[in-house]
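A.B. asks: Below you'll find the structure I mean.
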Amino acid sequence: DNRKDFVINFSLYEGNRYKVSNVSVRSNIKNLQKLDVSNLIEISQGDWYSSKDIDNSIKNITEKASQYGYAFVEVYPVIKKRTGFLDLTFEIEEGKKIFIDRIDIVGNLKTVDKVIRRELELVDGDPFNSVKLRQSERNVNNTALFEGVEIKLDESSDANKANVEVEVKEKATGQFSVGGGFSSLDGAIGNVSIKESNLFGEAKELSLALGISTRRQEIDLSYTNPYFLDKDIAAGIDVFNVRRNNKRYSGYKHNILGFRLRSGYEIVDDLRHFSSYLLLGNRIPNRIHAVRFKTF
């Protein structure tokens, strides 16, 4: 009536509810066993019909098929209604088998390509596998060098090939911190540290930490290469020097100089083994000299 507003009414008719009386699968994919597929279906005999459960089942079957290299498999739910019941059949049609033609990496202005490629579970020429594709995305994210990672599959490639595009968005990898305080043992305390987690764009880590107080000075230089000799072996070294002035309490000065060698490798997924070798020398002027060896 005010010529400004109007009301829209949607009339909905829900229809009758149906219970599922039978669920079956028809597939022409030889490698996709019926037993495997039945475990992926989220709707079973006696359930009320739910389009959400069917959609989830189709998604599960599609992902399972991709493990066998079928990137664009088609799954159709065929429904036959009876009074209060329905029969549900999932028909799976084999699509063409897809192979990775080329992997393109975009968005890495600083990080070199090999840092990203070594985290990918797929290489050029491999059959498409969505599970490995998602794992590759997680691997690249876990490097902590990027704000975002997105992997896209180009379905428009010729024949049975597809291109994969890995799009990354780099983030700042340098850190600088400064702090201060007071300790009843060491007096006034100050510390400065600087760290770069993507040295030369190769994911190598270099850090320098300096600490100074009334009775203590400390310097620590650390370097880590996560892929030593281009193998999945992390290697690093720490060089440190600590000077303590304990004359006021103990009547002597104490100087510690040493280094630590570190290495680690993956045994299985998410399980790694680390070892280190520590060599340090303790010097107390006019008193005692000692060198200690430790292996961890």
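Naming scheme: A, B, ... for chains in displayed order of the structure tokens; residues 1 onward per chain; ligands 1 onward as shown.
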Would you pick out the contacts of Gly258 of chain A at 8 Å or less, using only C-alpha atoms, so that residues sharing its chain but fewer than 5 positions from it are not included, and give the list as a VMD selection string?
C.D. replies: chain A and resid 239 to 241 278 to 281
A.B. asks: Using N, CA and C atoms, can you export the residues from the last selection as a CSV table (one decimal), in the first residue's frame?
C.D. replies:
```
chain,number,residue,atom,x,y,z
A,239,VAL,N,76.4,-22.5,17.3
A,239,VAL,CA,77.7,-22.1,17.9
A,239,VAL,C,77.4,-21.1,19.0
A,240,PHE,N,77.9,-21.3,20.2
A,240,PHE,CA,77.5,-20.4,21.3
A,240,PHE,C,78.7,-20.1,22.2
A,241,ASN,N,78.6,-19.0,22.8
A,241,ASN,CA,79.6,-18.5,23.8
A,241,ASN,C,78.9,-17.8,25.0
A,278,LEU,N,77.3,-32.6,20.9
A,278,LEU,CA,77.6,-31.4,21.6
A,278,LEU,C,79.1,-31.4,22.0
A,279,LEU,N,79.8,-30.4,21.7
A,279,LEU,CA,81.2,-30.2,22.1
A,279,LEU,C,81.3,-28.8,22.8
A,280,LEU,N,81.8,-28.8,24.0
A,280,LEU,CA,81.9,-27.5,24.7
A,280,LEU,C,83.1,-27.5,25.6
A,281,GLY,N,83.7,-26.3,25.7
A,281,GLY,CA,84.8,-26.2,26.6
A,281,GLY,C,84.5,-25.2,27.7
```
A.B. asks: Using only C-alpha atoms, determine which residues lie at most 9 Å from Thr62 of chain A, disregarding the query and same-chain residues fewer than 2 positions distant; provide the list as a PDB file with C-alpha atoms, in the first residue's frame.
C.D. replies:
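Once written, out27.pdb looks like this:
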```pdb
ATOM      1  CA  SER A  57      28.004 -40.719  -0.236  1.00  0.00           C
ATOM      2  CA  ILE A  58      28.650 -39.467  -3.766  1.00  0.00           C
ATOM      3  CA  LYS A  59      31.524 -37.335  -2.473  1.00  0.00           C
ATOM      4  CA  ASN A  60      33.047 -40.296  -0.623  1.00  0.00           C
ATOM      5  CA  LYS A  64      37.811 -43.164  -3.307  1.00  0.00           C
ATOM      6  CA  ALA A  65      37.793 -43.523  -7.074  1.00  0.00           C
ATOM      7  CA  SER A  66      40.408 -40.789  -7.371  1.00  0.00           C
ATOM      8  CA  TYR A  70      39.937 -41.700 -11.914  1.00  0.00           C
ATOM      9  CA  ALA A  71      39.699 -37.954 -11.581  1.00  0.00           C
ATOM     10  CA  PHE A  72      36.273 -37.288 -13.068  1.00  0.00           C
ATOM     11  CA  VAL A  73      34.214 -40.354 -12.186  1.00  0.00           C
ATOM     12  CA  GLU A  74      30.445 -39.887 -12.383  1.00  0.00           C
ATOM     13  CA  VAL A  75      28.120 -41.179  -9.657  1.00  0.00           C
TER      14      VAL A  75
END
```
A.B. asks: Which residues are close to segment 193-202 of chain A, i.e. within 12 Å by only C-alpha atoms, leaving aside same-chain residues fewer than 2 positions away? Reply as a ChimeraX atom specification.
C.D. replies: /A:108-118,143-146,170-180,190-191,204-212,218-228,230
A.B. asks: What separation in Å, quoted to one decimal, exists between atom CA of Gly95 of chain A and atom CA of Val25 of chain A?
C.D. replies: 16.7 Å
A.B. asks: Give one line per residue of segment 165-206 of chain A that approaches segment 119-125 of chain A to at most 12 Å, naming the two atoms of the closest pair and their distance in Å to one decimal, counting only C-alpha atoms; sort by chain then ascending residue number and deliver it as a tab-separated table.
C.D. replies:
```
residue	atom	partner	partner_atom	distance
A:Glu165	CA	A:Leu120	CA	11.7
A:Val166	CA	A:Leu120	CA	9.6
A:Ala203	CA	A:Glu119	CA	11.8
```
A.B. asks: Now that the selection is made, can you save its residues with C-alpha atoms as a PDB file, in the first residue's frame?
C.D. replies:
```pdb
ATOM      1  CA  GLU A 165      48.505 -25.256 -10.541  1.00  0.00           C
ATOM      2  CA  VAL A 166      49.962 -24.636  -7.097  1.00  0.00           C
ATOM      3  CA  ALA A 203      63.705 -22.515   3.417  1.00  0.00           C
TER       4      ALA A 203
END
```
A.B. asks: I need the strand (DSSP E) residues of segment 61-294 of chain A per DSSP on the backbone, written as number ranges by chain.
C.D. replies: A: 74-82, 85-93, 99-106, 146-154, 161-170, 174-183, 187-199, 204-213, 216-225, 233-245, 253-268, 271-284, 288-294
A.B. asks: Nearest to Val106 of chain A among A:Lys152, A:Asn246, A:Arg260, A:Leu88, with distances taken over only C-alpha atoms: which residue is it?
C.D. replies: A:Lys152
A.B. asks: Skip Leu32 of chain A itself and residues of its chain fewer than 5 positions away, then list as a list in words all residues within 8 Å of it, counting only C-alpha atoms.
C.D. replies: Ser27, Val37, Ala65 and Tyr68 of chain A
A.B. asks: Grab the residues selected above and save them as an mmCIF file, in the first residue's frame with N, CA and C atoms.
C.D. replies:
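Writing done, so here's again_24.cif:
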```
data_model
loop_
_atom_site.group_PDB
_atom_site.id
_atom_site.type_symbol
_atom_site.label_atom_id
_atom_site.label_comp_id
_atom_site.auth_asym_id
_atom_site.auth_seq_id
_atom_site.Cartn_x
_atom_site.Cartn_y
_atom_site.Cartn_z
ATOM 1 N N SER A 27 28.762 -50.643 -10.675
ATOM 2 C CA SER A 27 29.978 -49.937 -11.074
ATOM 3 C C SER A 27 30.678 -50.695 -12.192
ATOM 4 N N VAL A 37 33.088 -49.704 -1.713
ATOM 5 C CA VAL A 37 32.075 -48.680 -1.952
ATOM 6 C C VAL A 37 31.000 -48.730 -0.880
ATOM 7 N N ALA A 65 37.438 -43.203 -5.692
ATOM 8 C CA ALA A 65 37.793 -43.523 -7.074
ATOM 9 C C ALA A 65 39.045 -42.778 -7.511
ATOM 10 N N TYR A 68 42.436 -44.382 -7.331
ATOM 11 C CA TYR A 68 42.818 -45.293 -8.409
ATOM 12 C C TYR A 68 43.098 -44.541 -9.711
#
```
